[in-house]
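J.: Below: one structure in structure tokens.
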Amino acid sequence: MSSKRSKNPALPVLDDAFRLASVKDAEESTRDLAARLATAELRRVSHPGRVTWEPTDQAVPVPVPPTVVDGDGDLWLRDRGTGTWTMPEFNPKEFPARCGEVLTWNQLAREFGPLTGLADDRRIGGGRR
């Protein structure tokens, strides 16, 4: 799900990774995952103070961040009561229907990762850095 909606242009997004030679050279069947993993690495290099989780990081981080930015740069908020995630700026005209659903951490990471915490605080979560 690549877009031009990023509200945080300083944070690398999937569109950036899809321009990398290593992603372009990946087999078509693995290109999306290659772009997601490359985006995670670009974010770790460009924002070393933020925690970034890859789409393959399925363990719920402890502590769980209250907000994350997905691979396209879109914001997701965690409901503290249920532990689920929603996109507050969901608009069915701009986003796929799945973005309007309530998702678990695993669904969010797998389908929209990498995920990056907003705070420059490496103590948040327990994900790979």
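Here's how to read the names in the structure tokens: chain A, B, ... by the order shown, residue numbers from 1 in each chain, ligand numbers from 1 in the order shown.
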Using only C-alpha atoms, which residues sit within 8 Å of A:Thr104 once same-chain residues fewer than 4 positions away are excluded, as a list in words?
T.: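 After dropping sequence-adjacent residues, the list is Gly83, Thr84, Trp85 and Leu108 of chain A.
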J.: Run DSSP on the backbone and grab whatever in chain A lands in strand (DSSP E or B); send it over as a ChimeraX atom specification.
T.: /A:52-53,67-69,75-78,85-86,103,115-117
J.: Selected residues, all heavy atoms, written as a short mmCIF file (atom, residue, chain, number, x, y, z; two decimals), in the first residue's frame, please.
T.:
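To be explicit, this is the file written out as result.cif:
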```
data_model
loop_
_atom_site.label_atom_id
_atom_site.label_comp_id
_atom_site.auth_asym_id
_atom_site.auth_seq_id
_atom_site.Cartn_x
_atom_site.Cartn_y
_atom_site.Cartn_z
N THR A 52 11.73 1.27 15.65
CA THR A 52 11.01 0.83 14.46
C THR A 52 10.89 -0.68 14.50
O THR A 52 11.86 -1.38 14.75
CB THR A 52 11.75 1.25 13.17
OG1 THR A 52 11.73 2.68 13.09
CG2 THR A 52 11.11 0.67 11.93
N TRP A 53 9.66 -1.15 14.26
CA TRP A 53 9.37 -2.58 14.21
C TRP A 53 9.13 -2.97 12.77
O TRP A 53 8.42 -2.29 12.03
CB TRP A 53 8.13 -2.91 15.04
CG TRP A 53 8.30 -2.62 16.49
CD1 TRP A 53 8.75 -3.47 17.45
CD2 TRP A 53 8.02 -1.39 17.16
NE1 TRP A 53 8.76 -2.85 18.68
CE2 TRP A 53 8.31 -1.56 18.53
CE3 TRP A 53 7.53 -0.14 16.75
CZ2 TRP A 53 8.13 -0.55 19.47
CZ3 TRP A 53 7.37 0.87 17.68
CH2 TRP A 53 7.68 0.66 19.02
N THR A 67 1.21 5.54 20.08
CA THR A 67 1.02 5.90 18.68
C THR A 67 2.17 5.35 17.86
O THR A 67 3.30 5.24 18.35
CB THR A 67 0.96 7.43 18.48
OG1 THR A 67 2.18 7.99 19.00
CG2 THR A 67 -0.22 8.05 19.18
N VAL A 68 1.88 5.02 16.61
CA VAL A 68 2.93 4.60 15.68
C VAL A 68 2.62 5.19 14.31
O VAL A 68 1.47 5.55 14.02
CB VAL A 68 3.07 3.06 15.56
CG1 VAL A 68 3.58 2.45 16.86
CG2 VAL A 68 1.79 2.41 15.11
N VAL A 69 3.64 5.24 13.48
CA VAL A 69 3.51 5.67 12.09
C VAL A 69 3.76 4.43 11.24
O VAL A 69 4.74 3.71 11.45
CB VAL A 69 4.54 6.77 11.77
CG1 VAL A 69 4.49 7.14 10.30
CG2 VAL A 69 4.30 7.99 12.64
N LEU A 75 -0.57 7.86 10.71
CA LEU A 75 -0.63 7.70 12.16
C LEU A 75 -1.68 6.67 12.57
O LEU A 75 -2.79 6.65 12.02
CB LEU A 75 -0.97 9.05 12.80
CG LEU A 75 -1.05 9.09 14.32
CD1 LEU A 75 0.33 8.91 14.92
CD2 LEU A 75 -1.67 10.41 14.77
N TRP A 76 -1.33 5.84 13.55
CA TRP A 76 -2.25 4.88 14.16
C TRP A 76 -2.21 5.09 15.67
O TRP A 76 -1.14 5.29 16.24
CB TRP A 76 -1.83 3.45 13.83
CG TRP A 76 -2.04 3.08 12.39
CD1 TRP A 76 -1.23 3.43 11.34
CD2 TRP A 76 -3.11 2.33 11.84
NE1 TRP A 76 -1.74 2.93 10.17
CE2 TRP A 76 -2.89 2.25 10.45
CE3 TRP A 76 -4.23 1.71 12.40
CZ2 TRP A 76 -3.77 1.57 9.61
CZ3 TRP A 76 -5.08 1.03 11.55
CH2 TRP A 76 -4.86 0.97 10.19
N LEU A 77 -3.37 5.01 16.30
CA LEU A 77 -3.50 5.19 17.74
C LEU A 77 -3.93 3.89 18.40
O LEU A 77 -4.79 3.18 17.88
CB LEU A 77 -4.52 6.28 18.07
CG LEU A 77 -4.27 7.66 17.50
CD1 LEU A 77 -5.44 8.59 17.86
CD2 LEU A 77 -2.97 8.22 18.02
N ARG A 78 -3.40 3.65 19.58
CA ARG A 78 -3.75 2.45 20.34
C ARG A 78 -4.85 2.78 21.34
O ARG A 78 -4.76 3.77 22.06
CB ARG A 78 -2.53 1.93 21.09
CG ARG A 78 -2.81 0.68 21.90
CD ARG A 78 -1.52 0.18 22.53
NE ARG A 78 -1.80 -0.96 23.37
CZ ARG A 78 -1.98 -0.90 24.68
NH1 ARG A 78 -1.87 0.25 25.32
NH2 ARG A 78 -2.23 -1.99 25.37
N TRP A 85 -5.74 -1.08 17.52
CA TRP A 85 -5.23 0.09 16.81
C TRP A 85 -6.22 0.60 15.79
O TRP A 85 -6.86 -0.18 15.09
CB TRP A 85 -3.92 -0.28 16.12
CG TRP A 85 -2.85 -0.64 17.09
CD1 TRP A 85 -2.65 -1.86 17.67
CD2 TRP A 85 -1.85 0.22 17.61
NE1 TRP A 85 -1.57 -1.80 18.52
CE2 TRP A 85 -1.07 -0.53 18.50
CE3 TRP A 85 -1.54 1.56 17.41
CZ2 TRP A 85 0.01 0.01 19.19
CZ3 TRP A 85 -0.47 2.11 18.10
CH2 TRP A 85 0.29 1.33 18.97
N THR A 86 -6.31 1.93 15.67
CA THR A 86 -7.16 2.56 14.67
C THR A 86 -6.42 3.72 14.03
O THR A 86 -5.52 4.32 14.62
CB THR A 86 -8.47 3.11 15.28
OG1 THR A 86 -8.15 4.03 16.31
CG2 THR A 86 -9.35 1.99 15.81
N LEU A 103 -7.60 -2.95 14.32
CA LEU A 103 -6.60 -4.00 14.10
C LEU A 103 -5.83 -4.34 15.37
O LEU A 103 -5.64 -3.49 16.24
CB LEU A 103 -5.61 -3.55 13.03
CG LEU A 103 -6.19 -3.15 11.68
CD1 LEU A 103 -5.08 -2.66 10.75
CD2 LEU A 103 -6.94 -4.30 11.05
N LEU A 115 6.46 -0.24 11.49
CA LEU A 115 5.84 0.70 12.41
C LEU A 115 6.93 1.40 13.19
O LEU A 115 7.90 0.78 13.61
CB LEU A 115 4.91 -0.04 13.38
CG LEU A 115 3.83 -0.91 12.73
CD1 LEU A 115 3.06 -1.67 13.79
CD2 LEU A 115 2.91 -0.07 11.86
N THR A 116 6.77 2.70 13.38
CA THR A 116 7.77 3.50 14.09
C THR A 116 7.08 4.32 15.15
O THR A 116 6.07 4.97 14.88
CB THR A 116 8.52 4.44 13.11
OG1 THR A 116 9.15 3.63 12.10
CG2 THR A 116 9.57 5.26 13.82
N GLY A 117 7.65 4.28 16.37
CA GLY A 117 7.12 5.10 17.45
C GLY A 117 7.39 6.57 17.16
O GLY A 117 8.39 6.92 16.53
#
```
J.: Tell me which protein, DNA and RNA residues are within 7 Å of A:Phe112, counting only C-alpha atoms, leaving out same-chain ones fewer than 3 positions away, and put them as a compact mmCIF listing (two decimals) with N, CA, C and O atoms, in the first residue's frame.
T.:
```txt
# COMPACT_ATOMS: atom_id res chain seq x y z
N ASP A 70 2.87 4.17 10.27
CA ASP A 70 3.02 2.98 9.43
C ASP A 70 3.98 3.23 8.27
O ASP A 70 4.61 4.29 8.18
N GLY A 71 4.10 2.26 7.39
CA GLY A 71 5.05 2.34 6.28
C GLY A 71 4.81 3.49 5.33
O GLY A 71 5.72 3.95 4.66
N LEU A 108 -1.61 -5.02 12.28
CA LEU A 108 -1.05 -3.73 11.91
C LEU A 108 0.39 -3.88 11.42
O LEU A 108 0.75 -3.35 10.37
N ALA A 109 1.21 -4.59 12.18
CA ALA A 109 2.61 -4.76 11.80
C ALA A 109 2.75 -5.50 10.48
O ALA A 109 3.49 -5.09 9.59
```
J.: Which residue, A:Thr30, A:Ser46, A:Gln107, A:Asn91, has the smallest gap to A:Ala59 when you use only C-alpha atoms?
T.: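 Smallest separation from A:Ala59 among the options: A:Gln107.
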J.: Can you list, as a compact mmCIF listing (two decimals) with C-alpha atoms, in the first residue's frame, all residues belonging to chain A that DSSP tags as alpha helix (DSSP H)?
T.:
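Saved the output as result.txt:
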```
# COMPACT_ATOMS: atom_id res chain seq x y z
CA LEU A 14 7.62 2.82 1.38
CA ASP A 15 7.80 5.02 -1.72
CA ASP A 16 11.42 5.80 -0.79
CA ALA A 17 12.31 2.11 -0.49
CA PHE A 18 10.66 1.15 -3.77
CA ALA A 21 18.06 -0.79 -6.50
CA SER A 22 17.99 -3.65 -3.98
CA VAL A 23 14.19 -3.50 -3.89
CA LYS A 24 13.83 -3.09 -7.66
CA ARG A 31 9.34 -6.97 -3.61
CA ASP A 32 6.72 -5.65 -1.17
CA LEU A 33 8.37 -7.35 1.81
CA ALA A 34 11.80 -6.20 0.61
CA ALA A 35 10.50 -2.61 0.48
CA ARG A 36 9.00 -2.88 3.97
CA LEU A 37 12.24 -4.25 5.42
CA ALA A 38 14.27 -1.59 3.59
CA THR A 39 11.95 1.13 4.94
CA ALA A 40 12.55 -0.14 8.47
CA GLU A 41 16.31 0.04 7.93
CA LEU A 42 16.11 3.53 6.39
CA ARG A 43 14.13 4.70 9.42
CA ARG A 44 16.62 3.20 11.87
CA VAL A 45 19.51 4.94 10.12
CA SER A 46 17.78 8.31 9.71
CA TRP A 105 -0.70 -5.27 16.76
CA ASN A 106 0.02 -8.37 14.65
CA GLN A 107 -2.37 -7.30 11.90
CA LEU A 108 -1.05 -3.73 11.91
CA ALA A 109 2.61 -4.76 11.80
CA ARG A 110 2.12 -7.42 9.13
CA GLU A 111 -0.15 -5.43 6.82
CA PHE A 112 1.07 -1.85 7.29
```
J.: For a test of reading the model, state the distance in Å between atom CA of A:Pro61 and atom CA of A:Pro114, rounded to one decimal.
T.: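 Result for atom CA of A:Pro61 versus atom CA of A:Pro114: 13.5 Å, one decimal.
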J.: Distance atom CA of A:Ala97-atom CA of A:Ala119, one decimal place?
T.: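 Atom-to-atom, atom CA of A:Ala97 and atom CA of A:Ala119 are spaced 27.8 Å apart.
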J.: Quick one, how far is atom CA of A:Glu101 from atom CA of A:Pro88?
T.: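 It comes out at 10.6 Å.
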